[in-house]
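Peer 1: Dropping in structure-v4.cif, with mmCIF, C-alpha atoms and all ligand atoms.
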```cif
data_target
#
loop_
_atom_site.label_atom_id
_atom_site.label_comp_id
_atom_site.auth_asym_id
_atom_site.auth_seq_id
_atom_site.Cartn_x
_atom_site.Cartn_y
_atom_site.Cartn_z
CA MET A 6 68.95 81.12 35.15
CA ASN A 7 71.89 82.87 33.43
CA GLU A 8 69.99 85.88 32.14
CA TRP A 9 66.98 87.85 33.21
CA PRO A 10 63.97 85.96 31.84
CA PHE A 11 62.87 88.88 29.62
CA ALA A 12 64.29 92.26 28.60
CA VAL A 13 62.73 95.36 30.16
CA PHE A 14 63.45 98.73 28.49
CA ILE A 15 63.08 102.21 29.99
CA THR A 16 63.82 105.69 28.62
CA ASN A 17 66.46 107.94 30.16
CA CYS A 18 66.33 111.76 30.49
CA ARG A 19 67.34 112.15 26.82
CA GLY A 20 64.55 109.87 25.66
CA TRP A 21 66.89 106.98 24.75
CA TRP A 22 65.62 103.44 25.27
CA LEU A 23 67.95 101.48 27.55
CA PRO A 24 67.71 97.91 28.85
CA LEU A 25 66.82 98.01 32.54
CA SER A 26 69.58 95.47 33.19
CA SER A 27 72.20 98.06 32.15
CA ILE A 28 71.01 100.49 34.82
CA VAL A 29 69.79 98.39 37.75
CA LYS A 30 72.72 96.84 39.56
CA LYS A 31 70.70 94.03 41.14
CA ASP A 32 68.62 91.38 39.46
CA PRO A 33 65.12 92.02 40.91
CA PHE A 34 64.32 88.31 40.77
CA THR A 35 67.27 87.04 42.80
CA ASN A 36 68.34 90.26 44.59
CA MET A 37 71.87 89.46 43.43
CA ALA A 38 74.40 91.86 41.96
CA ASN A 39 74.22 91.96 38.18
CA PHE A 40 77.31 90.52 36.49
CA ASN A 41 76.02 90.74 32.92
CA GLY A 42 78.90 91.36 30.52
CA LYS A 43 81.59 90.66 33.14
CA ASN A 44 84.30 88.05 32.70
CA ILE A 45 85.42 86.35 35.89
CA LEU A 46 88.26 83.85 36.22
CA ILE A 47 88.12 81.43 39.15
CA ILE A 48 91.30 79.49 39.83
CA GLY A 49 90.08 76.37 41.66
CA GLY A 50 86.47 76.28 40.52
CA SER A 51 86.15 72.50 40.58
CA SER A 52 85.21 72.07 44.23
CA GLY A 53 84.35 73.75 47.51
CA ILE A 54 84.09 77.52 47.68
CA GLY A 55 85.27 78.14 44.10
CA ARG A 56 82.69 75.72 42.69
CA GLU A 57 79.92 77.39 44.69
CA LEU A 58 81.04 80.84 43.57
CA ALA A 59 81.16 79.78 39.91
CA GLY A 60 77.51 78.68 40.10
CA LEU A 61 76.50 81.92 41.82
CA LEU A 62 78.24 84.13 39.26
CA LEU A 63 76.81 82.19 36.31
CA GLN A 64 73.36 82.75 37.82
CA ALA A 65 74.09 86.46 38.03
CA GLY A 66 74.98 86.64 34.33
CA ALA A 67 78.79 86.55 34.44
CA GLY A 68 80.98 84.90 31.84
CA VAL A 69 82.86 82.46 34.08
CA THR A 70 86.11 80.64 33.32
CA THR A 71 87.38 78.11 35.85
CA ALA A 72 90.91 76.72 35.94
CA SER A 73 92.09 73.75 37.98
CA ARG A 74 93.65 70.30 37.63
CA SER A 75 90.27 68.56 37.31
CA GLN A 76 87.29 69.79 35.31
CA PRO A 77 84.25 70.88 37.35
CA ALA A 78 81.12 68.82 36.79
CA ASP A 79 77.76 70.41 35.86
CA LEU A 80 78.90 74.00 35.48
CA GLY A 81 76.66 74.91 32.57
CA ASN A 82 78.14 77.64 30.40
CA ALA A 83 81.42 78.05 32.27
CA ALA A 84 84.63 77.70 30.25
CA TYR A 85 87.33 75.45 31.67
CA LEU A 86 91.13 75.63 31.44
CA PRO A 87 93.33 72.81 32.76
CA LEU A 88 95.84 74.34 35.19
CA ASP A 89 98.21 73.26 37.95
CA VAL A 90 99.40 76.29 39.91
CA GLU A 91 102.54 74.41 40.94
CA GLN A 92 103.60 74.58 37.26
CA PRO A 93 104.19 77.65 35.03
CA VAL A 94 100.77 79.23 34.36
CA GLY A 95 101.28 81.69 31.47
CA GLU A 96 100.63 79.31 28.56
CA ALA A 97 97.60 77.71 30.25
CA LEU A 98 95.95 81.13 30.74
CA SER A 99 96.79 82.54 27.30
CA SER A 100 93.33 81.87 25.84
CA LEU A 101 91.44 84.01 28.38
CA PRO A 102 89.18 86.86 27.19
CA GLU A 103 91.07 90.15 26.59
CA THR A 104 89.29 91.83 29.49
CA LEU A 105 88.90 90.31 32.95
CA HIS A 106 86.59 92.02 35.44
CA GLY A 107 87.38 89.64 38.28
CA LEU A 108 89.95 87.09 39.41
CA VAL A 109 89.50 84.70 42.32
CA TYR A 110 92.31 82.47 43.56
CA CYS A 111 91.05 79.48 45.59
CA PRO A 112 93.80 76.82 45.82
CA GLY A 113 94.80 76.23 49.42
CA THR A 114 96.09 73.63 51.85
CA ILE A 115 95.31 72.32 55.33
CA ASN A 116 98.48 70.63 56.57
CA LEU A 117 97.97 70.64 60.33
CA ARG A 118 100.79 69.14 62.41
CA PRO A 119 102.81 69.95 65.51
CA PHE A 120 105.58 72.41 64.63
CA ASN A 121 108.39 69.92 65.27
CA ARG A 122 106.89 67.47 62.75
CA LEU A 123 106.71 70.00 59.92
CA THR A 124 109.59 69.90 57.44
CA GLU A 125 111.03 72.68 55.32
CA GLY A 126 109.38 70.90 52.40
CA ASP A 127 105.96 71.26 54.09
CA PHE A 128 106.46 75.00 54.57
CA LEU A 129 107.66 75.38 50.97
CA LYS A 130 104.72 73.44 49.54
CA ASP A 131 102.19 75.53 51.47
CA PHE A 132 103.98 78.70 50.34
CA ARG A 133 104.06 77.54 46.71
CA ILE A 134 100.34 76.74 46.49
CA ASN A 135 98.93 79.53 48.65
CA VAL A 136 101.27 82.40 47.76
CA LEU A 137 103.47 81.83 44.70
CA GLY A 138 100.56 80.30 42.76
CA ALA A 139 98.56 83.48 43.40
CA VAL A 140 101.53 85.68 42.46
CA ASN A 141 102.03 83.87 39.15
CA VAL A 142 98.34 83.89 38.24
CA ILE A 143 97.89 87.59 39.08
CA GLN A 144 100.98 88.51 37.06
CA ALA A 145 99.71 86.48 34.09
CA CYS A 146 96.28 88.15 34.29
CA LEU A 147 97.37 91.73 35.00
CA PRO A 148 97.08 93.15 31.45
CA ARG A 149 93.54 91.73 31.16
CA LEU A 150 92.54 93.03 34.61
CA LYS A 151 93.86 96.50 33.71
CA GLN A 152 91.67 96.52 30.60
CA SER A 153 88.51 96.54 32.69
CA GLN A 154 89.24 99.76 34.70
CA GLY A 155 87.55 98.45 37.84
CA ALA A 156 88.50 94.81 38.28
CA GLY A 157 88.30 92.96 41.59
CA VAL A 158 90.75 90.33 42.82
CA VAL A 159 89.71 88.05 45.69
CA LEU A 160 92.18 85.86 47.58
CA PHE A 161 91.59 83.40 50.45
CA SER A 162 93.43 83.49 53.75
CA THR A 163 92.32 81.73 56.95
CA VAL A 164 91.16 82.75 60.41
CA ALA A 165 94.40 81.12 61.62
CA ALA A 166 96.57 83.84 60.05
CA ARG A 167 95.59 86.20 62.89
CA LEU A 168 94.19 83.88 65.59
CA GLY A 169 96.76 81.54 67.14
CA LEU A 170 95.60 77.94 66.68
CA ASN A 171 97.60 74.82 67.53
CA PHE A 172 99.25 72.94 64.64
CA HIS A 173 98.62 75.75 62.12
CA THR A 174 102.18 77.17 61.88
CA SER A 175 102.78 76.26 58.23
CA ILE A 176 99.43 77.35 56.81
CA ALA A 177 99.34 80.46 59.04
CA THR A 178 102.80 81.44 57.76
CA ALA A 179 101.74 81.05 54.13
CA LYS A 180 98.39 82.81 54.51
CA SER A 181 99.96 85.69 56.46
CA ALA A 182 102.30 86.16 53.52
CA LEU A 183 99.28 86.13 51.21
CA GLU A 184 97.62 88.86 53.30
CA GLY A 185 100.83 90.91 53.03
CA LEU A 186 100.87 90.38 49.28
CA ALA A 187 97.25 91.48 49.02
CA VAL A 188 97.51 94.72 50.95
CA SER A 189 100.72 95.77 49.22
CA LEU A 190 99.34 94.86 45.80
CA ALA A 191 96.10 96.72 46.53
CA ALA A 192 98.14 99.89 47.00
CA GLU A 193 100.22 99.33 43.88
CA LEU A 194 97.24 98.52 41.65
CA SER A 195 94.90 101.21 42.95
CA THR A 196 96.00 103.57 40.18
CA SER A 197 94.80 100.95 37.68
CA ARG A 198 91.51 100.82 39.60
CA ILE A 199 92.11 97.16 40.44
CA ARG A 200 90.83 96.25 43.90
CA VAL A 201 92.48 93.44 45.88
CA ASN A 202 90.70 91.94 48.89
CA VAL A 203 91.05 88.84 51.03
CA ILE A 204 88.47 86.62 52.69
CA ALA A 205 89.65 84.82 55.83
CA PRO A 206 87.24 81.94 56.49
CA SER A 207 87.10 79.68 59.50
CA LEU A 208 86.38 75.96 59.11
CA THR A 209 84.10 75.51 56.11
CA ASP A 210 82.44 72.30 54.96
CA THR A 211 84.36 71.58 51.72
CA PRO A 212 86.47 68.69 50.44
CA LEU A 213 89.56 70.50 51.78
CA ALA A 214 88.21 70.26 55.34
CA LYS A 215 86.89 66.70 54.98
CA LEU A 216 89.24 65.16 57.55
CA LEU A 217 88.37 67.78 60.17
CA LEU A 218 84.64 67.06 59.80
CA SER A 219 84.80 63.29 59.23
CA SER A 220 82.67 62.21 62.21
CA ASP A 221 79.62 63.50 64.06
CA GLU A 222 81.81 64.12 67.13
CA LYS A 223 84.34 66.24 65.22
CA ARG A 224 81.56 68.21 63.51
CA GLU A 225 79.77 68.84 66.80
CA ALA A 226 82.99 70.03 68.49
CA SER A 227 83.75 72.33 65.54
CA ASN A 228 80.21 73.71 65.53
CA LYS A 229 80.52 74.50 69.27
CA ARG A 230 83.84 76.34 68.83
CA HIS A 231 82.12 79.00 66.70
CA PRO A 232 80.11 81.72 68.48
CA LEU A 233 77.36 81.37 65.84
CA GLY A 234 77.11 77.64 66.60
CA ARG A 235 78.12 76.09 63.30
CA VAL A 236 80.95 75.69 60.81
CA GLY A 237 80.76 77.56 57.52
CA THR A 238 79.20 76.45 54.25
CA PRO A 239 80.63 77.14 50.79
CA ALA A 240 77.60 79.40 50.24
CA ASP A 241 78.55 81.58 53.26
CA ILE A 242 81.96 82.26 51.76
CA ALA A 243 80.94 82.44 48.09
CA ALA A 244 78.35 85.14 48.85
CA ALA A 245 81.07 87.33 50.38
CA ALA A 246 83.38 86.74 47.41
CA ALA A 247 80.62 87.64 44.94
CA PHE A 248 80.00 90.86 46.88
CA LEU A 249 83.70 91.79 46.80
CA LEU A 250 83.75 91.26 43.02
CA SER A 251 80.60 93.30 42.45
CA ASP A 252 80.15 97.01 41.69
CA GLU A 253 78.63 97.38 45.18
CA ALA A 254 82.17 96.86 46.56
CA SER A 255 83.78 99.36 44.20
CA TRP A 256 85.23 101.42 47.10
CA ILE A 257 86.61 98.45 49.05
CA THR A 258 90.24 97.45 48.60
CA GLY A 259 93.15 96.21 50.70
CA GLN A 260 90.81 94.57 53.23
CA VAL A 261 90.84 91.20 54.99
CA LEU A 262 87.26 90.16 55.66
CA GLY A 263 86.75 87.53 58.35
CA ILE A 264 83.86 85.19 57.47
CA ASP A 265 84.16 82.92 60.45
CA GLY A 266 80.98 82.61 62.53
CA GLY A 267 82.48 85.10 65.00
CA LEU A 268 85.51 82.96 65.88
CA SER A 269 88.20 85.58 65.30
CA ASN A 270 86.64 88.40 67.27
CA LEU A 271 84.10 87.21 69.83
CA LYS A 272 84.10 85.46 73.16
CA PRO A 273 80.44 85.27 74.20
CA LEU A 274 79.66 84.54 77.87
N1 LIG B 1 87.53 74.87 53.82
C1 LIG B 1 88.02 75.47 54.89
O1 LIG B 1 87.79 75.06 56.05
C2 LIG B 1 88.88 76.69 54.74
C3 LIG B 1 89.23 77.41 55.90
C4 LIG B 1 90.05 78.52 55.78
C5 LIG B 1 90.50 78.92 54.55
N2 LIG B 1 90.13 78.22 53.43
C6 LIG B 1 90.68 78.65 52.14
O2 LIG B 1 89.65 78.80 51.19
C7 LIG B 1 90.15 78.48 49.88
C8 LIG B 1 89.21 77.53 49.16
O3 LIG B 1 89.18 76.33 49.91
P1 LIG B 1 88.13 75.14 49.69
O4 LIG B 1 87.80 74.64 51.04
O5 LIG B 1 87.05 75.54 48.77
O6 LIG B 1 89.10 74.06 48.99
P2 LIG B 1 88.80 72.84 48.00
O7 LIG B 1 87.42 72.34 48.16
O8 LIG B 1 89.94 71.89 48.18
O9 LIG B 1 88.93 73.54 46.56
C9 LIG B 1 90.18 74.00 46.13
C10 LIG B 1 90.14 74.28 44.65
O10 LIG B 1 91.47 74.64 44.24
C11 LIG B 1 91.90 73.78 43.21
N3 LIG B 1 93.34 73.48 43.35
C12 LIG B 1 93.97 72.92 44.40
N4 LIG B 1 95.27 72.75 44.12
C13 LIG B 1 95.45 73.22 42.86
C14 LIG B 1 96.57 73.30 42.00
N5 LIG B 1 97.79 72.85 42.37
N6 LIG B 1 96.41 73.85 40.78
C15 LIG B 1 95.18 74.29 40.37
N7 LIG B 1 94.08 74.23 41.14
C16 LIG B 1 94.22 73.70 42.37
C17 LIG B 1 91.08 72.50 43.35
O11 LIG B 1 90.89 71.86 42.09
P3 LIG B 1 91.75 70.62 41.57
O12 LIG B 1 91.98 69.71 42.73
O13 LIG B 1 90.85 70.05 40.50
O14 LIG B 1 93.01 71.19 41.01
C18 LIG B 1 89.73 73.08 43.82
O15 LIG B 1 88.97 73.47 42.72
C19 LIG B 1 91.56 77.93 50.10
O16 LIG B 1 92.51 78.90 49.78
C20 LIG B 1 91.62 77.60 51.57
O17 LIG B 1 92.93 77.73 52.11
C21 LIG B 1 89.34 77.12 53.49
#
```
Before we go any further, please render this structure as structure tokens.
Ligand SMILES: NC(=O)c1ccc[n+]([C@@H]2O[C@H](COP(=O)([O-])OP(=O)(O)OC[C@H]3O[C@@H](n4cnc5c(N)ncnc54)[C@H](OP(=O)(O)O)[C@@H]3O)[C@@H](O)[C@H]2O)c1
Peer 2:
Amino acid sequence: MNEWPFAVFITNCRGWWLPLSSIVKKDPFTNMANFNGKNILIIGGSSGIGRELAGLLLQAGAGVTTASRSQPADLGNAAYLPLDVEQPVGEALSSLPETLHGLVYCPGTINLRPFNRLTEGDFLKDFRINVLGAVNVIQACLPRLKQSQGAGVVLFSTVAARLGLNFHTSIATAKSALEGLAVSLAAELSTSRIRVNVIAPSLTDTPLAKLLLSSDEKREASNKRHPLGRVGTPADIAAAAAFLLSDEASWITGQVLGIDGGLSNLKPL
């Protein structure tokens, strides 16, 4: 359901008739934030968390554009732009709407190896996809984000940026840089009323994490490592991203939000 099923009008204190959807921030039927009239760009909307988020935002009334190397299947009214963030991005993003109310950057890597088996090329590739790709996309979108006077940018880090985990040196280095980018950018863009926040998930059941969850034994061990007893789902993470994009989060910026089943902060007895 992309729209409310019928229009409800009410009068304001001056006696003007207004659609209820322009006043109520949540859709009463889904209890979701209302994204009617908002344009959101999701880089990496073809699978995993980005795909889940695209579906959620379409349901909440947003105009969604996804950009990735492959086209997402079954995404209803979403627009699609072919894009590889390891290549120049300006031309590929030139047909976006003039105003963007939200930008989400999903591309990421999981290249887990002992430190002495990681090459400079591995570190550079992780940095290129996780950090420079985000830098280039944000720069290309900045004029459109400024137009909206209240845009939200959401980036993805990992629990491993702040919690030491074996074999994570390359991805932790790249995602820590991304967190630094986000907090500094949040300060710089605050005068344009652009909010920049980061979600730091723990292991989440997406194609990216397929190898880590490829057997019942691995899944069970990963479930047990999390205080809440399970790995994450794309829906767990997408819900947080939708919140950070919404008007309900209009006073939240420069934050790193751990969505990790308690892994980063808890050690239950
Ligand atoms: N899943 C986890 O366990 C986990 C844990 C911690 C953090 N995270 C972070 O969460 C974010 C989302 O991860 P996910 O699990 O949803 O990953 P995913 O299922 O692999 O989805 C990644 C998306 O990014 C796109 N993408 C990848 N490389 C790209 C490129 N070079 N150019 C353009 N698009 C590209 C992919 O589309 P195409 O392949 O079609 O281009 C896909 O749509 C990532 O930043 C990841 O680091 C995930």
Peer 1: Between A:Arg200, A:His106, A:Lys223, A:Lys215, which residue has the minimum interatomic distance to ligand LIG 1 (chain B), considering only C-alpha atoms and all ligand atoms?
Peer 2: A:Lys215
Peer 1: If we count all atoms listed in the file, what is near range 44-55 of chain A at a cut-off of 8 Å, once residues fewer than 4 positions away on the same chain are taken out, given as a PyMOL selection string?
Peer 2: chain A and resi 59+67-73+75-78+102+104-112+210-213+239-240+242-243
Peer 1: Which of these residues is nearest to ligand LIG 1 (chain B), using all atoms listed in the file: A:Arg198, A:His231, A:Lys272, A:Arg56?
Peer 2: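 So, comparing all the options, the nearest one is A:Arg56.
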Peer 1: Pick from A:Ala247, A:Leu63, A:Ala145, A:Leu123: nearest to Leu101 in chain A, with only C-alpha atoms counted?
Peer 2: A:Ala145
Peer 1: Counting only C-alpha atoms and all ligand atoms, which of A:Asn228, A:Thr163, A:Thr258, A:Ser189 gets nearest to ligand LIG 1 (chain B)?
Peer 2: A:Thr163
Peer 1: For Ser207 in chain A, find every residue with an atom within 10 Å (counting all atoms listed in the file), except residues of its own chain fewer than 2 positions away, and show them as an NGL selection string.
Peer 2: :A and (162-165 or 204-205 or 209-210 or 231 or 236-237 or 242 or 263-269)
Peer 1: Could you work out how far CA of Val94 in chain A lies from CA of Gln144 in chain A, giving the answer in Å with one decimal?
Peer 2: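 The value is 9.7 Å.
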Peer 1: In Å, rounded to a single decimal, give me how far CA of Phe40 in chain A is from atom C14 of ligand LIG 1 (chain B).
Peer 2: 26.4 Å
Peer 1: Between CA of Ala156 in chain A and CA of Ala177 in chain A, measure the distance and give it in Å to one decimal.
Peer 2: 27.5 Å
Peer 1: With all atoms listed in the file as the basis for distance, which of A:Val201, A:Ala226, A:Ala65, A:Leu208 is at the shortest distance from ligand LIG 1 (chain B)?
Peer 2: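 The answer is A:Leu208, which sits nearest to ligand LIG 1 (chain B).
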Peer 1: Which residues, protein or nucleic acid, reach to within 9 Å of (98.8, 73.3, 42.0) in the file's coordinates when using only C-alpha atoms, and can you give that as an mmCIF file with C-alpha atoms, keeping the file's coordinate frame?
Peer 2:
```cif
data_model
loop_
_atom_site.group_PDB
_atom_site.id
_atom_site.type_symbol
_atom_site.label_atom_id
_atom_site.label_comp_id
_atom_site.auth_asym_id
_atom_site.auth_seq_id
_atom_site.Cartn_x
_atom_site.Cartn_y
_atom_site.Cartn_z
ATOM 1 C CA SER A 73 92.090 73.750 37.980
ATOM 2 C CA ARG A 74 93.650 70.300 37.630
ATOM 3 C CA LEU A 88 95.840 74.340 35.190
ATOM 4 C CA ASP A 89 98.210 73.260 37.950
ATOM 5 C CA VAL A 90 99.400 76.290 39.910
ATOM 6 C CA GLU A 91 102.540 74.410 40.940
ATOM 7 C CA GLN A 92 103.600 74.580 37.260
ATOM 8 C CA PRO A 112 93.800 76.820 45.820
ATOM 9 C CA GLY A 113 94.800 76.230 49.420
ATOM 10 C CA ARG A 133 104.060 77.540 46.710
ATOM 11 C CA ILE A 134 100.340 76.740 46.490
ATOM 12 C CA GLY A 138 100.560 80.300 42.760
#
```
Peer 1: When you count all atoms listed in the file, which of these residues is closest to ligand LIG 1 (chain B): A:Ser195, A:Ser255, A:Asn270, A:Asn116?
Peer 2: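 Selected residue with least distance to ligand LIG 1 (chain B): A:Asn116.
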Peer 1: Would you kindly return, as a PyMOL selection string, each protein, DNA or RNA residue with an atom no farther than 8 Å from any atom of Ala97 in chain A, considering all atoms listed in the file and excluding same-chain residues fewer than 2 positions away?
Peer 2: chain A and resi 86-88+94-95+99-100
Peer 1: As a list of chain:residue names, please: the residues near Ala244 in chain A (cut-off 9 Å, all atoms listed in the file, same-chain neighbours under 5 positions excluded).
Peer 2: A:Glu57, A:Leu58, A:Leu61, A:Pro239, A:Leu249
Peer 1: Counting only C-alpha atoms, I want the residues whose atoms come within 7 Å of (90.4, 90.4, 51.0) in the file frame, returned as a count of residues only.
Peer 2: 10
